[in-house]
file protein-v2.csv (CSV, C-alpha atoms and all ligand atoms)
chain,number,residue,atom,x,y,z
C,145,MET,CA,0.0,-29.9,106.4
C,146,SER,CA,1.7,-29.7,109.8
C,147,GLU,CA,-0.2,-28.1,112.6
C,148,LYS,CA,2.1,-25.2,113.1
C,149,VAL,CA,1.4,-22.2,110.9
C,150,VAL,CA,4.2,-19.8,110.4
C,151,TYR,CA,2.4,-16.8,108.9
C,152,LEU,CA,4.8,-14.7,106.8
C,153,ASP,CA,2.2,-13.1,104.5
C,154,ASN,CA,1.2,-10.0,106.4
C,155,ASN,CA,1.4,-7.7,103.3
C,156,ALA,CA,-1.6,-9.8,102.0
C,157,THR,CA,-3.6,-9.5,105.2
C,158,THR,CA,-3.0,-9.4,108.9
C,159,ARG,CA,-4.5,-11.1,112.0
C,160,VAL,CA,-7.1,-9.0,113.8
C,161,ALA,CA,-5.3,-8.0,117.0
C,162,PRO,CA,-6.9,-9.5,120.2
C,163,GLU,CA,-7.3,-6.0,121.7
C,164,VAL,CA,-9.1,-4.9,118.5
C,165,LEU,CA,-11.4,-8.0,118.6
C,166,ASP,CA,-12.3,-7.2,122.2
C,167,VAL,CA,-13.3,-3.7,121.4
C,168,MET,CA,-15.4,-4.5,118.4
C,169,LEU,CA,-17.4,-7.4,119.6
C,170,PRO,CA,-20.2,-5.5,121.5
C,171,PHE,CA,-21.0,-3.6,118.3
C,172,PHE,CA,-22.1,-6.9,116.7
C,173,SER,CA,-24.5,-7.7,119.5
C,174,GLU,CA,-26.0,-5.3,122.0
C,175,ARG,CA,-24.6,-2.0,120.6
C,176,TYR,CA,-26.1,-2.3,117.1
C,177,GLY,CA,-27.5,1.3,116.8
C,178,ASN,CA,-27.3,3.4,113.7
C,179,PRO,CA,-25.1,6.5,114.4
C,180,SER,CA,-27.4,8.6,112.3
C,181,SER,CA,-30.4,7.9,114.5
C,182,MET,CA,-31.9,10.6,116.7
C,183,HIS,CA,-32.1,8.4,119.7
C,184,SER,CA,-29.4,8.0,122.2
C,185,PHE,CA,-29.1,4.3,121.5
C,186,GLY,CA,-27.7,5.2,118.1
C,187,GLY,CA,-26.0,8.3,119.3
C,188,ALA,CA,-23.8,6.4,121.7
C,189,VAL,CA,-22.4,4.4,118.8
C,190,GLY,CA,-21.8,7.6,116.9
C,191,ARG,CA,-19.7,8.9,119.9
C,192,GLU,CA,-17.6,5.7,119.7
C,193,MET,CA,-17.1,6.2,116.0
C,194,ARG,CA,-16.0,9.8,116.6
C,195,GLU,CA,-13.3,8.5,119.0
C,196,ALA,CA,-12.2,6.0,116.4
C,197,ARG,CA,-11.9,8.8,113.8
C,198,GLN,CA,-9.8,10.8,116.3
C,199,ALA,CA,-7.5,7.8,117.0
C,200,LEU,CA,-6.9,7.4,113.3
C,201,ALA,CA,-6.3,11.1,112.9
C,202,ASP,CA,-3.8,10.9,115.7
C,203,LEU,CA,-1.9,8.1,113.9
C,204,LEU,CA,-1.8,10.2,110.7
C,205,GLY,CA,-1.2,13.6,112.2
C,206,CYS,CA,-4.3,15.2,110.7
C,207,GLU,CA,-7.7,16.5,111.8
C,208,SER,CA,-10.5,14.0,112.4
C,209,ASP,CA,-12.8,15.8,109.9
C,210,GLU,CA,-10.2,15.0,107.3
C,211,ILE,CA,-10.9,11.2,107.6
C,212,ILE,CA,-13.6,9.5,105.5
C,213,PHE,CA,-14.3,5.9,106.3
C,214,THR,CA,-14.6,3.6,103.3
C,215,SER,CA,-15.0,-0.2,102.7
C,216,CYS,CA,-11.4,-0.9,101.8
C,217,GLY,CA,-8.1,0.3,100.4
C,218,THR,CA,-9.3,-0.2,96.9
C,219,GLU,CA,-12.4,2.0,97.4
C,220,SER,CA,-10.1,4.7,98.9
C,221,ASP,CA,-7.8,4.6,96.0
C,222,ASN,CA,-10.6,4.7,93.4
C,223,THR,CA,-12.4,7.5,95.3
C,224,ALA,CA,-9.3,9.7,95.5
C,225,ILE,CA,-8.4,9.4,91.8
C,226,ARG,CA,-12.0,9.8,90.5
C,227,SER,CA,-12.6,12.7,92.9
C,228,ALA,CA,-9.5,14.6,91.6
C,229,LEU,CA,-10.7,14.0,88.0
C,230,ALA,CA,-14.3,15.0,88.6
C,231,ALA,CA,-13.2,18.1,90.5
C,232,GLN,CA,-11.0,19.3,87.6
C,233,PRO,CA,-12.8,18.2,84.5
C,234,GLU,CA,-10.5,20.3,82.2
C,235,LYS,CA,-7.4,18.3,83.2
C,236,ARG,CA,-6.9,15.0,81.4
C,237,HIS,CA,-3.5,13.7,82.6
C,238,ILE,CA,-2.6,11.4,85.4
C,239,VAL,CA,0.9,10.5,86.8
C,240,THR,CA,1.5,7.2,88.5
C,241,THR,CA,4.1,4.5,88.6
C,242,ARG,CA,4.5,1.1,87.0
C,243,VAL,CA,4.7,-0.6,90.4
C,244,GLU,CA,1.4,0.5,92.0
C,245,HIS,CA,-1.1,-2.0,93.5
C,246,PRO,CA,-3.9,-3.0,91.0
C,247,ALA,CA,-6.3,-0.8,93.0
C,248,VAL,CA,-4.5,2.2,91.3
C,249,LEU,CA,-2.9,0.6,88.2
C,250,SER,CA,-6.0,-1.1,86.9
C,251,LEU,CA,-8.1,2.0,87.4
C,252,CYS,CA,-5.5,4.1,85.5
C,253,LYS,CA,-5.5,1.6,82.7
C,254,PHE,CA,-9.3,1.7,82.6
C,255,LEU,CA,-9.4,5.5,82.6
C,256,GLU,CA,-6.8,5.5,79.8
C,257,ARG,CA,-8.5,2.9,77.6
C,258,SER,CA,-12.2,3.7,78.1
C,259,GLN,CA,-12.2,7.4,79.1
C,260,GLY,CA,-9.4,8.9,77.1
C,261,TYR,CA,-7.2,10.1,79.9
C,262,ARG,CA,-3.5,10.3,79.3
C,263,VAL,CA,-1.5,8.4,81.9
C,264,THR,CA,2.3,8.6,82.6
C,265,TYR,CA,3.5,5.4,84.3
C,266,LEU,CA,6.9,6.2,85.9
C,267,GLY,CA,9.5,3.4,85.8
C,268,VAL,CA,11.8,2.4,88.6
C,269,ASP,CA,15.5,1.5,88.8
C,270,ALA,CA,16.9,-2.0,89.5
C,271,GLU,CA,16.4,-1.3,93.3
C,272,GLY,CA,12.8,-0.2,92.8
C,273,ARG,CA,13.4,3.5,93.2
C,274,LEU,CA,11.9,6.4,91.2
C,275,ASP,CA,13.8,9.1,89.3
C,276,LEU,CA,12.5,12.4,90.8
C,277,LYS,CA,13.8,14.4,87.9
C,278,GLU,CA,11.8,12.2,85.5
C,279,PHE,CA,8.8,12.6,87.8
C,280,GLU,CA,9.0,16.4,87.9
C,281,ASP,CA,9.4,16.5,84.1
C,282,SER,CA,6.2,14.5,83.7
C,283,LEU,CA,4.0,17.2,85.3
C,284,THR,CA,2.2,19.5,83.0
C,285,SER,CA,-0.6,22.1,83.3
C,286,ASP,CA,-2.9,19.3,82.2
C,287,THR,CA,-2.0,17.0,85.1
C,288,ALA,CA,-5.0,16.4,87.4
C,289,ILE,CA,-3.5,14.1,89.9
C,290,VAL,CA,-0.3,12.4,91.0
C,291,SER,CA,-1.0,9.0,92.6
C,292,ILE,CA,2.1,7.3,93.9
C,293,MET,CA,2.2,4.6,96.6
C,294,TRP,CA,4.1,5.2,99.9
C,295,ALA,CA,5.5,1.7,100.2
C,296,ASN,CA,5.4,-1.2,97.8
C,297,ASN,CA,3.4,-4.2,98.8
C,298,GLU,CA,5.7,-6.7,97.0
C,299,THR,CA,9.2,-5.4,97.8
C,300,GLY,CA,8.5,-3.0,100.7
C,301,VAL,CA,10.4,-0.3,98.9
C,302,ILE,CA,9.5,3.1,100.3
C,303,PHE,CA,9.1,6.1,97.9
C,304,PRO,CA,10.1,9.6,99.2
C,305,ILE,CA,6.5,10.8,99.5
C,306,PRO,CA,7.3,14.0,101.4
C,307,GLU,CA,9.6,15.1,98.5
C,308,ILE,CA,7.2,13.8,95.8
C,309,ALA,CA,4.3,15.7,97.3
C,310,ARG,CA,6.4,18.9,97.6
C,311,ILE,CA,7.3,18.7,93.9
C,312,ALA,CA,3.6,18.0,92.9
C,313,HIS,CA,2.5,21.1,94.9
C,314,LYS,CA,5.2,23.2,93.4
C,315,HIS,CA,3.6,22.5,90.0
C,316,GLY,CA,0.1,23.0,91.4
C,317,VAL,CA,-0.9,19.3,91.0
C,318,MET,CA,-3.0,17.4,93.5
C,319,MET,CA,-1.2,14.6,95.3
C,320,HIS,CA,-2.6,11.2,96.4
C,321,THR,CA,-0.7,8.4,98.0
C,322,ASP,CA,-1.7,4.7,98.5
C,323,ALA,CA,-0.3,4.3,102.0
C,324,VAL,CA,-2.0,1.0,102.6
C,325,GLN,CA,1.4,-0.7,103.4
C,326,ALA,CA,2.9,2.3,105.1
C,327,VAL,CA,0.4,3.2,107.7
C,328,GLY,CA,1.4,1.6,111.0
C,329,LYS,CA,5.0,1.0,109.8
C,330,VAL,CA,6.1,4.4,108.7
C,331,ASP,CA,6.0,7.6,110.7
C,332,ILE,CA,3.4,9.8,109.1
C,333,ASN,CA,2.6,13.4,110.0
C,334,LEU,CA,0.2,14.8,107.4
C,335,ARG,CA,0.3,18.3,109.0
C,336,GLU,CA,3.9,18.6,107.7
C,337,LEU,CA,3.3,17.2,104.3
C,338,ASP,CA,1.9,18.3,100.9
C,339,VAL,CA,-0.1,15.1,100.6
C,340,ASP,CA,-3.7,16.0,99.6
C,341,MET,CA,-5.2,12.5,99.9
C,342,LEU,CA,-4.0,9.2,101.5
C,343,SER,CA,-5.5,5.7,101.4
C,344,LEU,CA,-5.3,3.1,104.0
C,345,SER,CA,-6.9,-0.3,104.7
C,346,GLY,CA,-7.9,-1.9,108.0
C,347,HIS,CA,-6.9,-5.5,107.3
C,348,LYS,CA,-3.3,-4.6,106.6
C,349,LEU,CA,-3.1,-3.0,110.1
C,350,HIS,CA,-4.6,-5.7,112.4
C,351,ALA,CA,-8.2,-4.5,111.9
C,352,PRO,CA,-10.8,-6.6,110.1
C,353,LYS,CA,-11.2,-6.9,106.3
C,354,GLY,CA,-13.8,-4.6,104.7
C,355,VAL,CA,-12.9,-1.3,106.2
C,356,GLY,CA,-10.6,1.4,105.0
C,357,ALA,CA,-10.2,5.2,105.2
C,358,LEU,CA,-9.4,8.1,102.9
C,359,TYR,CA,-7.7,11.2,104.2
C,360,VAL,CA,-8.8,14.3,102.3
C,361,ARG,CA,-7.1,17.6,103.2
C,362,ARG,CA,-9.5,20.3,104.4
C,363,LYS,CA,-10.7,22.6,101.6
C,364,LEU,CA,-9.5,20.2,98.9
C,365,PRO,CA,-12.0,20.1,96.1
C,366,TYR,CA,-13.7,16.7,96.6
C,367,ARG,CA,-16.4,14.8,94.7
C,368,PRO,CA,-18.0,11.8,96.4
C,369,TYR,CA,-17.9,8.4,94.7
C,370,LEU,CA,-20.9,6.8,96.5
C,371,ILE,CA,-24.0,9.1,96.4
C,372,GLY,CA,-26.9,8.6,98.7
C,373,GLY,CA,-27.4,9.4,102.4
C,374,HIS,CA,-25.5,12.2,104.2
C,375,GLN,CA,-23.0,9.9,106.1
C,376,GLU,CA,-19.4,11.0,106.5
C,377,HIS,CA,-20.6,14.6,106.0
C,378,GLY,CA,-22.0,13.8,102.6
C,379,ARG,CA,-18.6,12.5,101.4
C,380,ARG,CA,-19.4,8.8,101.4
C,381,ALA,CA,-23.0,7.5,101.4
C,382,GLY,CA,-24.0,4.3,103.1
C,383,THR,CA,-24.6,3.3,106.7
C,384,GLU,CA,-21.3,3.2,108.4
C,385,ALA,CA,-19.7,-0.2,109.2
C,386,THR,CA,-19.7,0.8,112.9
C,387,THR,CA,-18.1,-2.4,114.2
C,388,SER,CA,-15.2,-2.3,111.7
C,389,ILE,CA,-14.7,1.4,112.1
C,390,ILE,CA,-14.4,1.1,115.9
C,391,ALA,CA,-12.0,-1.7,115.3
C,392,LEU,CA,-9.9,0.4,113.0
C,393,GLY,CA,-9.7,3.1,115.6
C,394,GLU,CA,-8.4,0.6,118.2
C,395,ALA,CA,-5.9,-0.8,115.6
C,396,ALA,CA,-4.7,2.8,115.1
C,397,ARG,CA,-4.2,3.2,118.8
C,398,GLN,CA,-2.2,-0.1,119.0
C,399,ALA,CA,-0.1,0.9,116.0
C,400,ARG,CA,0.7,4.3,117.4
C,401,ALA,CA,1.6,2.8,120.8
C,402,HIS,CA,3.8,0.0,119.5
C,403,MET,CA,5.2,1.2,116.1
C,404,ALA,CA,8.6,2.3,117.2
C,405,ASP,CA,9.4,-0.8,119.3
C,406,GLU,CA,7.9,-3.2,116.8
C,407,ASN,CA,9.7,-1.7,113.9
C,408,THR,CA,13.0,-2.3,115.6
C,409,ARG,CA,12.1,-5.9,116.6
C,410,VAL,CA,10.6,-6.9,113.3
C,411,ARG,CA,13.4,-5.3,111.3
C,412,ALA,CA,15.9,-7.5,113.3
C,413,LEU,CA,13.9,-10.6,112.6
C,414,ARG,CA,13.5,-9.7,108.9
C,415,ASP,CA,17.3,-9.1,108.6
C,416,LYS,CA,18.0,-12.5,110.3
C,417,LEU,CA,15.7,-14.2,107.8
C,418,GLU,CA,17.1,-12.4,104.8
C,419,ASN,CA,20.7,-12.8,105.7
C,420,GLY,CA,20.2,-16.4,106.7
C,421,LEU,CA,18.6,-17.3,103.4
C,422,LEU,CA,21.0,-15.3,101.2
C,423,ALA,CA,24.0,-16.9,102.9
C,424,ALA,CA,22.6,-20.4,102.7
C,425,VAL,CA,21.3,-20.4,99.2
C,426,PRO,CA,23.7,-19.8,96.2
C,427,ASP,CA,22.3,-17.7,93.3
C,428,SER,CA,19.7,-15.9,95.5
C,429,ARG,CA,19.2,-12.2,95.6
C,430,LEU,CA,17.2,-9.5,97.4
C,431,ASN,CA,14.7,-7.6,95.4
C,432,GLY,CA,14.3,-3.9,96.4
C,433,HIS,CA,16.5,-1.3,98.0
C,434,LYS,CA,18.2,-2.7,101.1
C,435,ILE,CA,17.6,0.4,103.2
C,436,GLU,CA,14.7,2.4,101.8
C,437,ARG,CA,12.3,-0.4,102.6
C,438,LEU,CA,9.6,-1.4,105.1
C,439,PRO,CA,11.0,-3.2,108.1
C,440,ASN,CA,8.7,-6.2,107.7
C,441,THR,CA,9.3,-7.1,104.1
C,442,ALA,CA,11.8,-9.3,102.3
C,443,ASN,CA,11.4,-10.2,98.7
C,444,ILE,CA,14.0,-12.8,97.7
C,445,SER,CA,14.6,-14.5,94.4
C,446,PHE,CA,16.0,-18.0,94.1
C,447,LYS,CA,17.4,-18.5,90.6
C,448,TYR,CA,16.3,-21.4,88.4
C,449,VAL,CA,13.2,-22.4,90.4
C,450,GLU,CA,9.5,-21.6,90.3
C,451,GLY,CA,8.1,-19.5,93.1
C,452,GLU,CA,4.9,-21.5,93.1
C,453,ALA,CA,6.8,-24.7,93.6
C,454,ILE,CA,8.6,-23.2,96.6
C,455,LEU,CA,5.3,-22.0,98.0
C,456,LEU,CA,3.8,-25.4,97.8
C,457,LEU,CA,6.6,-27.1,99.6
C,458,LEU,CA,6.7,-24.3,102.2
C,459,ASP,CA,3.0,-24.8,102.7
C,460,GLN,CA,3.5,-28.4,103.5
C,461,LEU,CA,5.7,-27.3,106.3
C,462,GLY,CA,3.1,-24.9,107.5
C,463,ILE,CA,4.9,-21.8,106.2
C,464,ALA,CA,2.6,-19.2,104.6
C,465,ALA,CA,4.4,-16.8,102.2
C,466,SER,CA,3.6,-15.4,98.8
C,467,SER,CA,5.1,-15.2,95.3
C,468,GLY,CA,4.7,-12.0,93.5
C,469,SER,CA,1.4,-10.3,94.4
C,470,ALA,CA,-1.8,-12.2,95.2
C,471,CYS,CA,-3.2,-11.0,91.8
C,472,THR,CA,-0.4,-12.6,89.8
C,473,SER,CA,-0.1,-15.8,91.7
C,474,GLY,CA,-2.0,-18.6,90.0
C,475,SER,CA,-0.5,-17.4,86.6
C,476,LEU,CA,3.0,-18.0,85.7
C,477,GLU,CA,3.6,-14.4,84.8
C,478,PRO,CA,6.4,-12.8,86.9
C,479,SER,CA,5.1,-9.9,89.0
C,480,HIS,CA,4.7,-6.5,87.3
C,481,VAL,CA,6.8,-4.9,90.1
C,482,LEU,CA,9.8,-7.2,89.5
C,483,ARG,CA,9.5,-6.7,85.7
C,484,ALA,CA,9.5,-2.9,86.2
C,485,MET,CA,12.7,-3.3,88.2
C,486,GLY,CA,14.2,-5.4,85.3
C,487,VAL,CA,14.8,-8.5,87.5
C,488,PRO,CA,16.1,-11.2,85.0
C,489,PHE,CA,13.3,-13.7,84.5
C,490,THR,CA,15.3,-16.7,85.8
C,491,TYR,CA,15.3,-14.8,89.1
C,492,ALA,CA,11.9,-13.2,88.9
C,493,HIS,CA,10.1,-16.5,88.5
C,494,GLY,CA,11.6,-17.8,91.7
C,495,SER,CA,10.7,-14.8,93.9
C,496,ILE,CA,9.2,-15.2,97.3
C,497,ARG,CA,7.8,-12.4,99.5
C,498,PHE,CA,8.1,-12.8,103.2
C,499,SER,CA,6.2,-10.2,105.2
C,500,LEU,CA,6.4,-10.2,109.0
C,501,SER,CA,4.2,-8.7,111.7
C,502,ARG,CA,4.2,-7.9,115.4
C,503,TYR,CA,3.2,-11.6,116.0
C,504,THR,CA,6.2,-13.1,114.2
C,505,THR,CA,8.6,-14.8,116.6
C,506,GLU,CA,12.3,-15.6,116.3
C,507,ALA,CA,11.6,-19.4,116.5
C,508,GLU,CA,9.5,-19.0,113.4
C,509,ILE,CA,12.3,-17.2,111.5
C,510,ASP,CA,14.8,-19.9,112.6
C,511,TYR,CA,12.4,-22.6,111.3
C,512,VAL,CA,12.2,-21.0,107.8
C,513,VAL,CA,16.0,-20.4,107.6
C,514,GLU,CA,16.5,-24.1,108.5
C,515,ASN,CA,13.9,-25.5,106.1
C,516,LEU,CA,14.0,-23.4,103.0
C,517,PRO,CA,17.5,-24.0,101.7
C,518,PRO,CA,17.1,-27.8,101.3
C,519,ILE,CA,13.8,-27.1,99.4
C,520,ILE,CA,15.6,-24.9,96.9
C,521,GLU,CA,18.4,-27.4,96.6
C,522,ASN,CA,15.9,-30.2,95.8
C,523,LEU,CA,13.9,-28.1,93.3
C,524,ARG,CA,17.1,-27.2,91.5
C,525,LYS,CA,17.9,-30.9,90.9
C,526,ILE,CA,14.7,-31.1,88.8
C,527,SER,CA,14.8,-27.6,87.3
C,528,PRO,CA,14.9,-27.4,83.5
C,529,TYR,CA,17.3,-24.5,83.9
C,530,LYS,CA,20.5,-25.6,85.4
C,531,ARG,CA,23.2,-23.7,87.1
C,532,GLY,CA,26.3,-23.2,85.0
C,533,GLU,CA,24.3,-23.4,81.7
C,534,ALA,CA,23.7,-20.3,79.6
C,535,ASP,CA,20.6,-18.4,80.8
C,536,PRO,CA,17.5,-18.9,78.6
C,537,VAL,CA,16.0,-15.9,76.8
C,538,ASP,CA,13.1,-14.1,78.4
C,539,PRO,CA,10.1,-14.9,76.2
C,540,ARG,CA,8.7,-11.4,77.1
C,541,LYS,CA,5.1,-12.4,77.4
C,542,PRO,CA,2.6,-9.5,77.4
C,543,ALA,CA,2.3,-7.7,80.8
C,544,CYS,CA,-0.3,-8.9,83.3
C,545,SER,CA,-3.6,-7.1,82.9
C,546,CYS,CA,-3.3,-5.7,86.4
V,601,LIG,C1,-3.8,-4.5,100.0
V,601,LIG,C2,-3.5,-3.3,99.3
V,601,LIG,C3,-4.5,-2.5,98.7
V,601,LIG,C4,-6.0,-2.9,98.7
V,601,LIG,O1,-6.6,-2.8,99.9
V,601,LIG,P1,-7.9,-3.6,100.1
V,601,LIG,O2,-8.4,-3.2,101.5
V,601,LIG,O3,-7.6,-5.1,100.1
V,601,LIG,O4,-8.9,-3.2,99.0
V,601,LIG,C5,-4.1,-1.3,98.0
V,601,LIG,N1,-2.9,-0.9,98.0
V,601,LIG,C6,-1.9,-1.6,98.5
V,601,LIG,C7,-0.5,-1.1,98.5
V,601,LIG,C8,-2.1,-2.8,99.2
V,601,LIG,O5,-1.2,-3.5,99.8

call {"tool": "encode", "arguments": {"input": "protein-v2.csv", "output": "structure tokens", "more": "lines below"}}
Ligand SMILES: *Cc1c(COP(=O)(O)O)cnc(C)c1O
result
Amino acid sequence: MSEKVVYLDNNATTRVAPEVLDVMLPFFSERYGNPSSMHSFGGAVGREMREARQALADLLGCESDEIIFTSCGTESDNTAIRSALAAQPEKRHIVTTRVEHPAVLSLCKFLERSQGYRVTYLGVDAEGRLDLKEFEDSLTSDTAIVSIMWANNETGVIFPIPEIARIAHKHGVMMHTDAVQAVGKVDINLRELDVDMLSLSGHKLHAPKGVGALYVRRKLPYRPYLIGGHQEHGRRAGTEATTSIIALGEAARQARAHMADENTRVRALRDKLENGLLAAVPDSRLNGHKIERLPNTANISFKYVEGEAILLLLDQLGIAASSGSACTSGSLEPSHVLRAMGVPFTYAHGSIRFSLSRYTTEAEIDYVVENLPPIIENLRKISPYKRGEADPVDPRKPACSC
């Protein structure tokens, strides 16, 4: 592998920002107190944690006591859905979508198979968008919770969460959104929204892995998932990951300060990458709506080639990207998101997700636009499916378990 690493896999995880690393380091060493302790050595850490909570609340437009720190986005998603079900035991129906992250989708499938809940999985159109009429029609008096992601991790497609939450509330249904990919990239003001619970994750936001948060609207009936000590006002037991929480606070400050400028810059780079590749490679297409999409994400399919083969050759050039979601890579199943969009399988198999960040440079984008087209051309020479021949039939394997 060449020395240069062009990291275009920021929807999988991000680099810890240098400013964030600086702020968190002392809490590994001299400032190791427990914020629950009576002494001022611990109390001082508790004060820093309160400031981190406030910084995150400022980013989300909510009150700091509406934030619960967790261990990751997955824990936040699981806690939100299980809390809604536990708080309304008479209701047995969940509404979600076919394109959720496994943190929501696998939990819903588990609840359906092992606990007898009824789950509606809403489909999406060819551009990855929901039908809001179909959504509204799915809500019943038995519906305990709607859990719909804000932005898709594979395609970047943004769902109209303000409108979705308004419809959920009109029918008296609790609303949760997995906003792991949206926080820091989309303007969020929870005071103006009908969203009841929102999940986020530190490592998608230039904070470390292993910390997340769940927003829970004040007065919303809530049942903790982890039971034990009184941390997080009794809403999430376990000694707080002080170092990571303080890091998440700084990441929130950085996101708030730079979001507008970075979105503009990153979108321009993403468009350059996307337009460059689509122009240079015949039989390539964009997956996901062109406009209603995160500024950092481009999911592009190259017909007649395998995504894994492309990734391997990109890797040899020091380019890190992703095919499908991390959970589906390693298997030859096309991603559940692209399947839900009805992407033909000769395209879906050759899909690559590029996800940029505030550290992506124009030189890196130029490098990819220059080097990827010949890779596709060479792979097509050895592809069993050739251009101009009739398309093979999709064998329709069973869906991925996530
Ligand atoms: C990464 C991701 C998660 C999971 O977050 P973790 O902190 O890795 O558990 C959940 N939802 C979406 C949309 C994600 O991209």

call {"tool": "closest_residue", "arguments": {"input": "protein-v2.csv", "among": "C:Leu461, C:Ile332, C:Val248, C:Leu165", "to": "ligand LIG 601 (chain V)", "atoms": "all atoms listed in the file"}}
result
C:Val248

call {"tool": "residues_around", "arguments": {"input": "protein-v2.csv", "residues": "His374 in chain C", "least_positions_apart": "4", "cutoff": "12 Å", "atoms": "all atoms listed in the file", "output": "list in words"}}
result
Pro179, Ser180, Pro368, Leu370, Gly378, Arg379, Arg380, Ala381, Gly382, Thr383 and Glu384 of chain C

call {"tool": "residues_near_point", "arguments": {"input": "protein-v2.csv", "point": "(22.4, -22.6, 105.5)", "cutoff": "10 Å", "atoms": "all atoms listed in the file", "output": "list in words"}}
result
Asn419, Gly420, Leu421, Leu422, Ala423, Ala424, Val425, Pro426, Val513, Glu514, Asn515, Leu516, Pro517 and Pro518 of chain C

call {"tool": "residues_around", "arguments": {"input": "protein-v2.csv", "residues": "Thr158 in chain C", "least_positions_apart": "4", "cutoff": "12 Å", "atoms": "all atoms listed in the file", "output": "short mmCIF file (atom, residue, chain, number, x, y, z; two decimals) with C-alpha atoms, keeping the file's coordinate frame"}}
result
data_model
loop_
_atom_site.label_atom_id
_atom_site.label_comp_id
_atom_site.auth_asym_id
_atom_site.auth_seq_id
_atom_site.Cartn_x
_atom_site.Cartn_y
_atom_site.Cartn_z
CA TYR C 151 2.40 -16.80 108.90
CA LEU C 152 4.80 -14.70 106.80
CA ASP C 153 2.20 -13.10 104.50
CA ASN C 154 1.20 -10.00 106.40
CA PRO C 162 -6.90 -9.50 120.20
CA GLN C 325 1.40 -0.70 103.40
CA SER C 345 -6.90 -0.30 104.70
CA GLY C 346 -7.90 -1.90 108.00
CA HIS C 347 -6.90 -5.50 107.30
CA LYS C 348 -3.30 -4.60 106.60
CA LEU C 349 -3.10 -3.00 110.10
CA HIS C 350 -4.60 -5.70 112.40
CA ALA C 351 -8.20 -4.50 111.90
CA PRO C 352 -10.80 -6.60 110.10
CA LYS C 353 -11.20 -6.90 106.30
CA ALA C 395 -5.90 -0.80 115.60
CA SER C 499 6.20 -10.20 105.20
CA LEU C 500 6.40 -10.20 109.00
CA SER C 501 4.20 -8.70 111.70
CA ARG C 502 4.20 -7.90 115.40
CA TYR C 503 3.20 -11.60 116.00
CA THR C 504 6.20 -13.10 114.20
#

call {"tool": "closest_atom_pairs", "arguments": {"input": "protein-v2.csv", "of": "chain C", "to": "ligand LIG 601 (chain V)", "cutoff": "7 Å", "atoms": "all atoms listed in the file", "output": "tab-separated table"}}
result
residue	atom	partner	partner_atom	distance
C:Asn155	CA	V:LIG601	O5	6.1
C:Ala156	CA	V:LIG601	C1	6.1
C:Cys216	CA	V:LIG601	O2	3.8
C:Gly217	CA	V:LIG601	O1	3.5
C:Thr218	CA	V:LIG601	O4	3.7
C:Glu219	CA	V:LIG601	O4	6.5
C:Glu244	CA	V:LIG601	C7	7.0
C:His245	CA	V:LIG601	N1	5.0
C:Ala247	CA	V:LIG601	C5	5.5
C:Met293	CA	V:LIG601	C7	6.6
C:Ala295	CA	V:LIG601	C7	6.8
C:Asn296	CA	V:LIG601	C7	5.9
C:Asn297	CA	V:LIG601	O5	4.8
C:Asp322	CA	V:LIG601	N1	5.7
C:Ala323	CA	V:LIG601	C7	6.4
C:Val324	CA	V:LIG601	C7	4.8
C:Gln325	CA	V:LIG601	O5	5.2
C:Ser345	CA	V:LIG601	O2	4.6
C:Gly346	CA	V:LIG601	O2	6.6
C:His347	CA	V:LIG601	O2	6.4
C:Lys348	CA	V:LIG601	C1	6.6
C:Lys353	CA	V:LIG601	O2	6.7
C:Gly354	CA	V:LIG601	O2	6.4
C:Val355	CA	V:LIG601	O2	6.8
C:Gly356	CA	V:LIG601	O2	6.2

call {"tool": "residues_around", "arguments": {"input": "protein-v2.csv", "residues": "Ile302 in chain C", "least_positions_apart": "2", "cutoff": "7 Å", "atoms": "all atoms listed in the file", "output": "NGL selection string"}}
result
:C and (294-296 or 300 or 304 or 436-438)

call {"tool": "write_last_selection", "arguments": {"input": "protein-v2.csv", "atoms": "C-alpha atoms", "output": "PDB file, in the frame of the given file"}}
result
ATOM      1  CA  TRP C 294       4.100   5.200  99.900  1.00  0.00           C
ATOM      2  CA  ALA C 295       5.500   1.700 100.200  1.00  0.00           C
ATOM      3  CA  ASN C 296       5.400  -1.200  97.800  1.00  0.00           C
ATOM      4  CA  GLY C 300       8.500  -3.000 100.700  1.00  0.00           C
ATOM      5  CA  PRO C 304      10.100   9.600  99.200  1.00  0.00           C
ATOM      6  CA  GLU C 436      14.700   2.400 101.800  1.00  0.00           C
ATOM      7  CA  ARG C 437      12.300  -0.400 102.600  1.00  0.00           C
ATOM      8  CA  LEU C 438       9.600  -1.400 105.100  1.00  0.00           C
TER       9      LEU C 438
END

call {"tool": "residues_near_point", "arguments": {"input": "protein-v2.csv", "point": "(12.6, 3.1, 85.4)", "cutoff": "10 Å", "atoms": "all atoms listed in the file", "output": "list of chain:residue names"}}
result
C:Thr241, C:Arg242, C:Tyr265, C:Leu266, C:Gly267, C:Val268, C:Asp269, C:Ala270, C:Glu271, C:Gly272, C:Arg273, C:Leu274, C:Asp275, C:Glu278, C:Ala484, C:Met485, C:Gly486

call {"tool": "closest_residue", "arguments": {"input": "protein-v2.csv", "among": "C:Gln375, C:Ser466, C:Gln398, C:Ser428", "to": "Ser181 in chain C", "atoms": "all atoms listed in the file"}}
result
C:Gln375
